[in-house]
Amino acid sequence: MTRFAYFEGAIVPIEQARVSITCNTLHYGTGCFGGLRAYWNTDERRLWLFRPLDHYRRLLSSAKMIFADIGHTPESLTDVTVQLLAAEGFRQNAYVRPIVYKDDGVFRVQLHDATDKVAIFAQPVGAYIHAAGLLRVAISSWRRVDDTMIPARGKLNGAYLNSALAKSEANKAGYDEALVLNQDGHVSEASAANVFIVRNGALVTPPVTANVLEGITRRTVIHLATKELGLEVVERDIDRSELFVADEVFLCGTGVQISAIGEVEGRVVADGAEGPVCAALRERYGRIVTGRDPAYLHWCVPIPAA
């Protein structure tokens, strides 16, 4: 249960963290947000926050895209998040949601000359997708938002209507997740996760110019694949039909973590089991985010006991 939030410059009871119905961001999506995970290490009985500086650098980059200045640095936002998680005292995995919003009247359809604010809260979290076994995905009829319309590499509130339409379409058709094509007809990403395939011994993912979110987990996977597994990583366009013949397909993101796809629109991926690349990355990732790998402790921030 969430008990606190960082709101109006202080950590307060969650009941006090309220905005008016006239809030501009509520009406026009004129905000941006982030998503971080903190992982509970059962052996050490300690919570570890994963790559907060990288997440907050991206949040501030997204804020810049919408002319928002919240008077914070990645370091100060990390400090606030550590204090917030310490106050919550979670003894399980948690999801942290920072949001930048424009707290002005509804009638201003603009981004500049606004009152910019930031709030942060956290809540216990389990699996992102509650599905048995591997994921079943569909190709969405909705195209990925284009950078000429809304900055695709920013986590901007309004842009996530695009993600929600794709996700609901897939779920209502009986699938776990949607893969979305960009305006050129190439694979972009899932509704809220990056996508990788394995073909001919190489790990392939769409480039950042394919209207993908520049994911922190995506960056982590690329690093681990090259430095730890010795794989070639290729960033290039991926055709829709390549998904049907790939040796492996998997998603990655703060929410979904690293999750294998077993079926794409009725076509079984390879032999229908989690592939060795995805399995190796998932195992390595699980050790790192829980503070169990000394080589990567610089990515993790321990949360002091309440």
# chains A, B, ... in the order shown; residues from 1 in each chain; ligands from 1

$ select_by_dssp --residues "region 215-288 of chain A" --states "strand (DSSP E)" --output "NGL selection string"
:A and (232-235 or 248-253 or 257-264 or 267-268)

$ closest_atom_pairs --of "region 53-115 of chain A" --to "region 8-26 of chain A" --cutoff "12 Å" --atoms "only C-alpha atoms" --output "JSON lines"
{"residue": "A:Ile66", "atom": "CA", "partner": "A:Thr25", "partner_atom": "CA", "distance": 11.3}
{"residue": "A:Ala68", "atom": "CA", "partner": "A:Thr25", "partner_atom": "CA", "distance": 11.9}
{"residue": "A:Ile70", "atom": "CA", "partner": "A:Gly9", "partner_atom": "CA", "distance": 10.4}
{"residue": "A:Gly71", "atom": "CA", "partner": "A:Gly9", "partner_atom": "CA", "distance": 10.5}
{"residue": "A:His72", "atom": "CA", "partner": "A:Gly9", "partner_atom": "CA", "distance": 10.6}
{"residue": "A:Ser76", "atom": "CA", "partner": "A:Gly9", "partner_atom": "CA", "distance": 11.5}
{"residue": "A:Leu77", "atom": "CA", "partner": "A:Gly9", "partner_atom": "CA", "distance": 10.9}
{"residue": "A:Asp79", "atom": "CA", "partner": "A:Ile11", "partner_atom": "CA", "distance": 11.9}
{"residue": "A:Val80", "atom": "CA", "partner": "A:Ile11", "partner_atom": "CA", "distance": 8.3}
{"residue": "A:Thr81", "atom": "CA", "partner": "A:Ile11", "partner_atom": "CA", "distance": 9.7}
{"residue": "A:Val82", "atom": "CA", "partner": "A:Ile11", "partner_atom": "CA", "distance": 11.3}
{"residue": "A:Gln83", "atom": "CA", "partner": "A:Ile11", "partner_atom": "CA", "distance": 8.4}
{"residue": "A:Leu84", "atom": "CA", "partner": "A:Ile11", "partner_atom": "CA", "distance": 6.8}
{"residue": "A:Leu85", "atom": "CA", "partner": "A:Ile11", "partner_atom": "CA", "distance": 10.5}
{"residue": "A:Ala86", "atom": "CA", "partner": "A:Ile11", "partner_atom": "CA", "distance": 11.2}
{"residue": "A:Ala87", "atom": "CA", "partner": "A:Ile11", "partner_atom": "CA", "distance": 8.8}
{"residue": "A:Glu88", "atom": "CA", "partner": "A:Pro13", "partner_atom": "CA", "distance": 10.3}
{"residue": "A:Ile99", "atom": "CA", "partner": "A:Thr25", "partner_atom": "CA", "distance": 10.3}
{"residue": "A:Val100", "atom": "CA", "partner": "A:Thr25", "partner_atom": "CA", "distance": 9.0}
{"residue": "A:Tyr101", "atom": "CA", "partner": "A:Thr25", "partner_atom": "CA", "distance": 5.7}
{"residue": "A:Lys102", "atom": "CA", "partner": "A:Thr25", "partner_atom": "CA", "distance": 5.6}
{"residue": "A:Asp103", "atom": "CA", "partner": "A:Cys23", "partner_atom": "CA", "distance": 5.0}
{"residue": "A:Asp104", "atom": "CA", "partner": "A:Asn24", "partner_atom": "CA", "distance": 5.3}
{"residue": "A:Gly105", "atom": "CA", "partner": "A:Thr22", "partner_atom": "CA", "distance": 5.1}
{"residue": "A:Val106", "atom": "CA", "partner": "A:Asn24", "partner_atom": "CA", "distance": 4.7}
{"residue": "A:Phe107", "atom": "CA", "partner": "A:Asn24", "partner_atom": "CA", "distance": 7.5}
{"residue": "A:Arg108", "atom": "CA", "partner": "A:Asn24", "partner_atom": "CA", "distance": 7.2}
{"residue": "A:Val109", "atom": "CA", "partner": "A:Asn24", "partner_atom": "CA", "distance": 8.2}
{"residue": "A:Gln110", "atom": "CA", "partner": "A:Asn24", "partner_atom": "CA", "distance": 9.3}
{"residue": "A:Leu111", "atom": "CA", "partner": "A:Asn24", "partner_atom": "CA", "distance": 9.6}
{"residue": "A:Ala114", "atom": "CA", "partner": "A:Asn24", "partner_atom": "CA", "distance": 9.3}
{"residue": "A:Thr115", "atom": "CA", "partner": "A:Asn24", "partner_atom": "CA", "distance": 9.7}

$ select_by_dssp --residues "region 221-298 of chain A" --states "alpha helix (DSSP H)" --output "PyMOL selection string"
chain A and resi 221-223+242-245+276-289

$ closest_atom_pairs --of "region 246-282 of chain A" --to "region 183-189 of chain A" --cutoff "12 Å" --atoms "only C-alpha atoms" --output "JSON lines"
{"residue": "A:Val249", "atom": "CA", "partner": "A:Glu189", "partner_atom": "CA", "distance": 11.7}
{"residue": "A:Phe250", "atom": "CA", "partner": "A:Glu189", "partner_atom": "CA", "distance": 10.7}
{"residue": "A:Leu251", "atom": "CA", "partner": "A:Glu189", "partner_atom": "CA", "distance": 8.5}
{"residue": "A:Cys252", "atom": "CA", "partner": "A:Glu189", "partner_atom": "CA", "distance": 9.7}
{"residue": "A:Gly253", "atom": "CA", "partner": "A:Glu189", "partner_atom": "CA", "distance": 10.5}

$ closest_residue --among "A:Ile222, A:Val118, A:Val268, A:Ile216" --to "Leu53 (chain A)" --atoms "only C-alpha atoms"
A:Ile216

$ closest_residue --among "A:Ala63, A:Ala94, A:Leu243, A:Ile238" --to "Tyr39 (chain A)" --atoms "only C-alpha atoms"
A:Ala94

$ closest_residue --among "A:Asn182, A:Ser241, A:Gln92, A:Thr220" --to "Ile197 (chain A)" --atoms "only C-alpha atoms"
A:Ser241

$ closest_residue --among "A:Leu49, A:Ile150, A:Leu135, A:Leu36" --to "Thr217 (chain A)" --atoms "only C-alpha atoms"
A:Leu36

$ closest_residue --among "A:Ala122, A:Gly158, A:Phe196, A:Gly174" --to "His27 (chain A)" --atoms "only C-alpha atoms"
A:Gly158

$ closest_residue --among "A:Ile303, A:Ser140, A:Pro74, A:Arg37" --to "Asp54 (chain A)" --atoms "only C-alpha atoms"
A:Pro74

$ atom_distance --atom1 "CA of Val221 (chain A)" --atom2 "CA of Ala260 (chain A)"
13.3 Å

$ residues_around --residues "Phe121 (chain A)" --least-positions-apart "4" --cutoff "6 Å" --atoms "only C-alpha atoms" --output "ChimeraX atom specification"
/A:5,96-97

$ write_last_selection --atoms "C-alpha atoms" --output "PDB file, in the first residue's frame"
ATOM      1  CA  ALA A   5       4.300  10.905  -2.030  1.00  0.00           C
ATOM      2  CA  VAL A  96       8.329   4.253  -8.634  1.00  0.00           C
ATOM      3  CA  ARG A  97       6.389   6.778 -10.681  1.00  0.00           C
TER       4      ARG A  97
END

$ residues_around --residues "region 281-296 of chain A" --least-positions-apart "3" --cutoff "9 Å" --atoms "only C-alpha atoms" --output "MDAnalysis selection string"
chainID A and resid 37:42 46:51 220:221 224:225 228:229 257:259 276:278 299:302

$ write_last_selection --atoms "N, CA and C atoms" --output "mmCIF file, in the first residue's frame"
data_model
loop_
_atom_site.group_PDB
_atom_site.id
_atom_site.type_symbol
_atom_site.label_atom_id
_atom_site.label_comp_id
_atom_site.auth_asym_id
_atom_site.auth_seq_id
_atom_site.Cartn_x
_atom_site.Cartn_y
_atom_site.Cartn_z
ATOM 1 N N ARG A 37 12.163 0.842 -11.031
ATOM 2 C CA ARG A 37 11.880 -0.298 -10.164
ATOM 3 C C ARG A 37 12.895 -0.363 -9.026
ATOM 4 N N ALA A 38 12.406 -0.759 -7.891
ATOM 5 C CA ALA A 38 13.259 -1.099 -6.761
ATOM 6 C C ALA A 38 13.025 -2.565 -6.454
ATOM 7 N N TYR A 39 14.105 -3.303 -6.216
ATOM 8 C CA TYR A 39 14.034 -4.753 -6.070
ATOM 9 C C TYR A 39 14.431 -5.179 -4.664
ATOM 10 N N TRP A 40 13.636 -6.064 -4.093
ATOM 11 C CA TRP A 40 13.876 -6.558 -2.749
ATOM 12 C C TRP A 40 14.794 -7.771 -2.803
ATOM 13 N N ASN A 41 15.936 -7.687 -2.125
ATOM 14 C CA ASN A 41 16.863 -8.794 -1.992
ATOM 15 C C ASN A 41 16.515 -9.540 -0.716
ATOM 16 N N THR A 42 15.963 -10.731 -0.870
ATOM 17 C CA THR A 42 15.477 -11.472 0.301
ATOM 18 C C THR A 42 16.610 -11.945 1.210
ATOM 19 N N ARG A 46 17.143 -6.183 1.842
ATOM 20 C CA ARG A 46 17.437 -4.810 1.451
ATOM 21 C C ARG A 46 16.786 -4.522 0.105
ATOM 22 N N LEU A 47 16.337 -3.294 -0.060
ATOM 23 C CA LEU A 47 15.736 -2.839 -1.315
ATOM 24 C C LEU A 47 16.783 -2.087 -2.125
ATOM 25 N N TRP A 48 16.848 -2.407 -3.426
ATOM 26 C CA TRP A 48 17.803 -1.762 -4.321
ATOM 27 C C TRP A 48 17.046 -1.032 -5.434
ATOM 28 N N LEU A 49 17.375 0.228 -5.653
ATOM 29 C CA LEU A 49 16.778 1.037 -6.717
ATOM 30 C C LEU A 49 17.690 0.962 -7.938
ATOM 31 N N PHE A 50 17.116 0.575 -9.081
ATOM 32 C CA PHE A 50 17.927 0.283 -10.266
ATOM 33 C C PHE A 50 18.040 1.482 -11.209
ATOM 34 N N ARG A 51 19.251 1.898 -11.463
ATOM 35 C CA ARG A 51 19.637 2.935 -12.429
ATOM 36 C C ARG A 51 18.808 4.215 -12.311
ATOM 37 N N THR A 220 20.523 -1.530 -21.019
ATOM 38 C CA THR A 220 21.115 -2.553 -20.163
ATOM 39 C C THR A 220 21.282 -3.863 -20.920
ATOM 40 N N VAL A 221 20.259 -4.254 -21.676
ATOM 41 C CA VAL A 221 20.313 -5.499 -22.447
ATOM 42 C C VAL A 221 21.437 -5.442 -23.478
ATOM 43 N N LEU A 224 24.766 -5.902 -21.629
ATOM 44 C CA LEU A 224 24.976 -7.266 -21.160
ATOM 45 C C LEU A 224 25.208 -8.223 -22.325
ATOM 46 N N ALA A 225 24.501 -8.020 -23.417
ATOM 47 C CA ALA A 225 24.658 -8.913 -24.568
ATOM 48 C C ALA A 225 26.058 -8.817 -25.157
ATOM 49 N N GLU A 228 28.885 -9.200 -21.676
ATOM 50 C CA GLU A 228 28.804 -10.418 -20.866
ATOM 51 C C GLU A 228 28.616 -11.681 -21.709
ATOM 52 N N LEU A 229 27.791 -11.590 -22.748
ATOM 53 C CA LEU A 229 27.505 -12.775 -23.553
ATOM 54 C C LEU A 229 28.318 -12.837 -24.848
ATOM 55 N N GLN A 257 10.326 -6.077 -17.668
ATOM 56 C CA GLN A 257 11.667 -6.599 -17.393
ATOM 57 C C GLN A 257 12.213 -7.282 -18.645
ATOM 58 N N ILE A 258 12.504 -8.558 -18.629
ATOM 59 C CA ILE A 258 12.925 -9.276 -19.837
ATOM 60 C C ILE A 258 12.023 -10.494 -19.969
ATOM 61 N N SER A 259 11.167 -10.479 -20.980
ATOM 62 C CA SER A 259 10.129 -11.514 -21.108
ATOM 63 C C SER A 259 10.095 -12.058 -22.528
ATOM 64 N N PRO A 276 17.827 -19.445 -25.459
ATOM 65 C CA PRO A 276 18.994 -19.338 -24.578
ATOM 66 C C PRO A 276 19.472 -17.916 -24.364
ATOM 67 N N VAL A 277 19.333 -17.049 -25.354
ATOM 68 C CA VAL A 277 19.781 -15.664 -25.186
ATOM 69 C C VAL A 277 18.895 -14.938 -24.186
ATOM 70 N N CYS A 278 17.604 -15.042 -24.359
ATOM 71 C CA CYS A 278 16.668 -14.404 -23.431
ATOM 72 C C CYS A 278 16.859 -14.954 -22.020
ATOM 73 N N TRP A 299 25.162 0.616 -10.649
ATOM 74 C CA TRP A 299 23.842 0.848 -11.224
ATOM 75 C C TRP A 299 22.732 0.844 -10.155
ATOM 76 N N CYS A 300 23.051 0.386 -8.978
ATOM 77 C CA CYS A 300 22.029 0.147 -7.951
ATOM 78 C C CYS A 300 22.260 1.049 -6.725
ATOM 79 N N VAL A 301 21.180 1.567 -6.204
ATOM 80 C CA VAL A 301 21.250 2.408 -5.003
ATOM 81 C C VAL A 301 20.506 1.703 -3.883
ATOM 82 N N PRO A 302 21.195 1.421 -2.757
ATOM 83 C CA PRO A 302 20.511 0.745 -1.647
ATOM 84 C C PRO A 302 19.587 1.715 -0.920
#

$ atom_distance --atom1 "CA of Gly215 (chain A)" --atom2 "CA of Ala273 (chain A)"
25.3 Å

$ residues_around --residues "Ser62 (chain A)" --least-positions-apart "3" --cutoff "10 Å" --atoms "only C-alpha atoms" --output "PyMOL selection string"
chain A and resi 31-34+56-59+65-68+100+151-156

$ residues_around --residues "Glu248 (chain A)" --least-positions-apart "6" --cutoff "12 Å" --atoms "only C-alpha atoms" --output "PyMOL selection string"
chain A and resi 134+195-205+242+259-264+268-279

$ write_last_selection --atoms "N, CA and C atoms" --output "PDB file, in the first residue's frame"
ATOM      1  N   LEU A 134       4.995 -18.188 -21.853  1.00  0.00           N
ATOM      2  CA  LEU A 134       5.512 -17.148 -22.735  1.00  0.00           C
ATOM      3  C   LEU A 134       4.389 -16.235 -23.214  1.00  0.00           C
ATOM      4  N   VAL A 195      11.675  -4.119 -28.082  1.00  0.00           N
ATOM      5  CA  VAL A 195      11.639  -5.478 -28.610  1.00  0.00           C
ATOM      6  C   VAL A 195      12.996  -5.847 -29.196  1.00  0.00           C
ATOM      7  N   PHE A 196      13.388  -7.096 -29.005  1.00  0.00           N
ATOM      8  CA  PHE A 196      14.602  -7.679 -29.581  1.00  0.00           C
ATOM      9  C   PHE A 196      14.242  -8.977 -30.284  1.00  0.00           C
ATOM     10  N   ILE A 197      15.002  -9.304 -31.326  1.00  0.00           N
ATOM     11  CA  ILE A 197      14.912 -10.624 -31.933  1.00  0.00           C
ATOM     12  C   ILE A 197      16.319 -11.194 -32.043  1.00  0.00           C
ATOM     13  N   VAL A 198      16.407 -12.510 -32.117  1.00  0.00           N
ATOM     14  CA  VAL A 198      17.663 -13.181 -32.387  1.00  0.00           C
ATOM     15  C   VAL A 198      17.552 -13.830 -33.757  1.00  0.00           C
ATOM     16  N   ARG A 199      18.505 -13.484 -34.653  1.00  0.00           N
ATOM     17  CA  ARG A 199      18.537 -14.083 -35.985  1.00  0.00           C
ATOM     18  C   ARG A 199      19.973 -14.350 -36.376  1.00  0.00           C
ATOM     19  N   ASN A 200      20.230 -15.566 -36.793  1.00  0.00           N
ATOM     20  CA  ASN A 200      21.557 -15.945 -37.278  1.00  0.00           C
ATOM     21  C   ASN A 200      22.660 -15.599 -36.277  1.00  0.00           C
ATOM     22  N   GLY A 201      22.386 -15.806 -35.009  1.00  0.00           N
ATOM     23  CA  GLY A 201      23.387 -15.612 -33.978  1.00  0.00           C
ATOM     24  C   GLY A 201      23.580 -14.189 -33.508  1.00  0.00           C
ATOM     25  N   ALA A 202      22.855 -13.239 -34.081  1.00  0.00           N
ATOM     26  CA  ALA A 202      22.979 -11.834 -33.687  1.00  0.00           C
ATOM     27  C   ALA A 202      21.712 -11.383 -32.970  1.00  0.00           C
ATOM     28  N   LEU A 203      21.888 -10.445 -32.063  1.00  0.00           N
ATOM     29  CA  LEU A 203      20.761  -9.827 -31.370  1.00  0.00           C
ATOM     30  C   LEU A 203      20.412  -8.551 -32.110  1.00  0.00           C
ATOM     31  N   VAL A 204      19.156  -8.436 -32.523  1.00  0.00           N
ATOM     32  CA  VAL A 204      18.728  -7.329 -33.384  1.00  0.00           C
ATOM     33  C   VAL A 204      17.622  -6.558 -32.690  1.00  0.00           C
ATOM     34  N   THR A 205      17.686  -5.237 -32.771  1.00  0.00           N
ATOM     35  CA  THR A 205      16.647  -4.387 -32.190  1.00  0.00           C
ATOM     36  C   THR A 205      16.460  -3.155 -33.064  1.00  0.00           C
ATOM     37  N   GLU A 242       9.934 -10.823 -40.227  1.00  0.00           N
ATOM     38  CA  GLU A 242      11.094 -11.361 -39.506  1.00  0.00           C
ATOM     39  C   GLU A 242      10.700 -11.917 -38.144  1.00  0.00           C
ATOM     40  N   SER A 259      11.167 -10.479 -20.980  1.00  0.00           N
ATOM     41  CA  SER A 259      10.129 -11.514 -21.108  1.00  0.00           C
ATOM     42  C   SER A 259      10.095 -12.058 -22.528  1.00  0.00           C
ATOM     43  N   ALA A 260      10.159 -13.376 -22.637  1.00  0.00           N
ATOM     44  CA  ALA A 260      10.184 -14.041 -23.937  1.00  0.00           C
ATOM     45  C   ALA A 260       8.800 -14.068 -24.568  1.00  0.00           C
ATOM     46  N   ILE A 261       8.773 -13.952 -25.878  1.00  0.00           N
ATOM     47  CA  ILE A 261       7.542 -14.087 -26.667  1.00  0.00           C
ATOM     48  C   ILE A 261       7.541 -15.477 -27.298  1.00  0.00           C
ATOM     49  N   GLY A 262       6.446 -16.195 -27.102  1.00  0.00           N
ATOM     50  CA  GLY A 262       6.343 -17.549 -27.643  1.00  0.00           C
ATOM     51  C   GLY A 262       5.510 -17.648 -28.899  1.00  0.00           C
ATOM     52  N   GLU A 263       4.708 -16.610 -29.163  1.00  0.00           N
ATOM     53  CA  GLU A 263       3.810 -16.673 -30.314  1.00  0.00           C
ATOM     54  C   GLU A 263       3.553 -15.275 -30.838  1.00  0.00           C
ATOM     55  N   VAL A 264       3.648 -15.113 -32.154  1.00  0.00           N
ATOM     56  CA  VAL A 264       3.345 -13.842 -32.815  1.00  0.00           C
ATOM     57  C   VAL A 264       2.231 -14.078 -33.813  1.00  0.00           C
ATOM     58  N   VAL A 268       4.187 -19.774 -33.906  1.00  0.00           N
ATOM     59  CA  VAL A 268       5.062 -20.107 -32.784  1.00  0.00           C
ATOM     60  C   VAL A 268       6.479 -19.656 -33.108  1.00  0.00           C
ATOM     61  N   VAL A 269       7.110 -18.996 -32.152  1.00  0.00           N
ATOM     62  CA  VAL A 269       8.489 -18.562 -32.317  1.00  0.00           C
ATOM     63  C   VAL A 269       9.418 -19.747 -32.077  1.00  0.00           C
ATOM     64  N   ALA A 270      10.189 -20.125 -33.103  1.00  0.00           N
ATOM     65  CA  ALA A 270      11.141 -21.242 -33.031  1.00  0.00           C
ATOM     66  C   ALA A 270      10.431 -22.493 -32.513  1.00  0.00           C
ATOM     67  N   ASP A 271      10.907 -23.056 -31.388  1.00  0.00           N
ATOM     68  CA  ASP A 271      10.286 -24.279 -30.868  1.00  0.00           C
ATOM     69  C   ASP A 271       9.272 -23.993 -29.771  1.00  0.00           C
ATOM     70  N   GLY A 272       8.931 -22.725 -29.573  1.00  0.00           N
ATOM     71  CA  GLY A 272       7.903 -22.379 -28.603  1.00  0.00           C
ATOM     72  C   GLY A 272       8.372 -22.281 -27.176  1.00  0.00           C
ATOM     73  N   ALA A 273       9.687 -22.377 -26.940  1.00  0.00           N
ATOM     74  CA  ALA A 273      10.233 -22.265 -25.588  1.00  0.00           C
ATOM     75  C   ALA A 273      11.095 -21.010 -25.479  1.00  0.00           C
ATOM     76  N   GLU A 274      11.358 -20.588 -24.258  1.00  0.00           N
ATOM     77  CA  GLU A 274      12.265 -19.466 -24.068  1.00  0.00           C
ATOM     78  C   GLU A 274      13.641 -19.817 -24.629  1.00  0.00           C
ATOM     79  N   GLY A 275      14.197 -18.901 -25.430  1.00  0.00           N
ATOM     80  CA  GLY A 275      15.486 -19.165 -26.051  1.00  0.00           C
ATOM     81  C   GLY A 275      16.651 -18.945 -25.109  1.00  0.00           C
ATOM     82  N   PRO A 276      17.827 -19.445 -25.459  1.00  0.00           N
ATOM     83  CA  PRO A 276      18.994 -19.338 -24.578  1.00  0.00           C
ATOM     84  C   PRO A 276      19.472 -17.916 -24.364  1.00  0.00           C
ATOM     85  N   VAL A 277      19.333 -17.049 -25.354  1.00  0.00           N
ATOM     86  CA  VAL A 277      19.781 -15.664 -25.186  1.00  0.00           C
ATOM     87  C   VAL A 277      18.895 -14.938 -24.186  1.00  0.00           C
ATOM     88  N   CYS A 278      17.604 -15.042 -24.359  1.00  0.00           N
ATOM     89  CA  CYS A 278      16.668 -14.404 -23.431  1.00  0.00           C
ATOM     90  C   CYS A 278      16.859 -14.954 -22.020  1.00  0.00           C
ATOM     91  N   ALA A 279      17.012 -16.268 -21.892  1.00  0.00           N
ATOM     92  CA  ALA A 279      17.169 -16.883 -20.577  1.00  0.00           C
ATOM     93  C   ALA A 279      18.431 -16.378 -19.885  1.00  0.00           C
TER      94      ALA A 279
END
